[in-house]
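Below is one structure, written out as structure tokens, with a few remarks after it.
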Amino acid sequence: MEDAAIVELRLGLASGVREERNRRSLTQEQLARLLGSSQSRVAKMEAADASVSIDPMIRALLTMGAGLRKVASYIAPPARKRAA
């Protein structure tokens, strides 16, 4: 159960990094420069690669100007409606 939750958390943050980067019309390389990182590391973040911890993903979102509520929305997206 914990593993599945961590995977969902990582996938949500990865999606958020990609979404926020695209919203700001940044390339992976430009974001990497803002973070003091590499383009390949940003690509791994966006791919939810297990070699990237959750902390850099959160830092990337905050660096791009996402507020805490926005970061939280990527961590816990709204519940999906169930079919009746």
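Identifiers in the structure tokens: chain A, B, ... in order shown; residue index from 1 per chain; ligand index from 1 in order shown.
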
| field | Contacts of stretch 52-56 of chain A at 10 Å (only C-alpha atoms; same-chain gap of 4+ positions) as a list in words | value |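 Neighbouring residues, sequence-local ones excluded: Ile6, Leu9, Arg10, Leu11, Leu13, Ala14, Leu35, Ser37, Arg41, Val42, Lys44, Met45, Glu46, Ala47, Ala48, Ala60, Leu61 and Leu62 of chain A.
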
| request: Mind the document's chain letters and residue numbers, and return as a ChimeraX atom specification the residues of chain A that DSSP labels helix (DSSP H, G or I). | output: /A:2-23,28-35,39-46,54-63,68-75

| request: Fewer than 6 positions away in the same chain doesn't count, so skip those; otherwise give me all residues within 12 Å of A:Ala43, counting only C-alpha atoms, as JSON, numbers by chain. | output: {"A": [14, 15, 17, 18, 21, 27, 28, 29, 30, 31, 32, 37, 49, 51, 52, 57]}
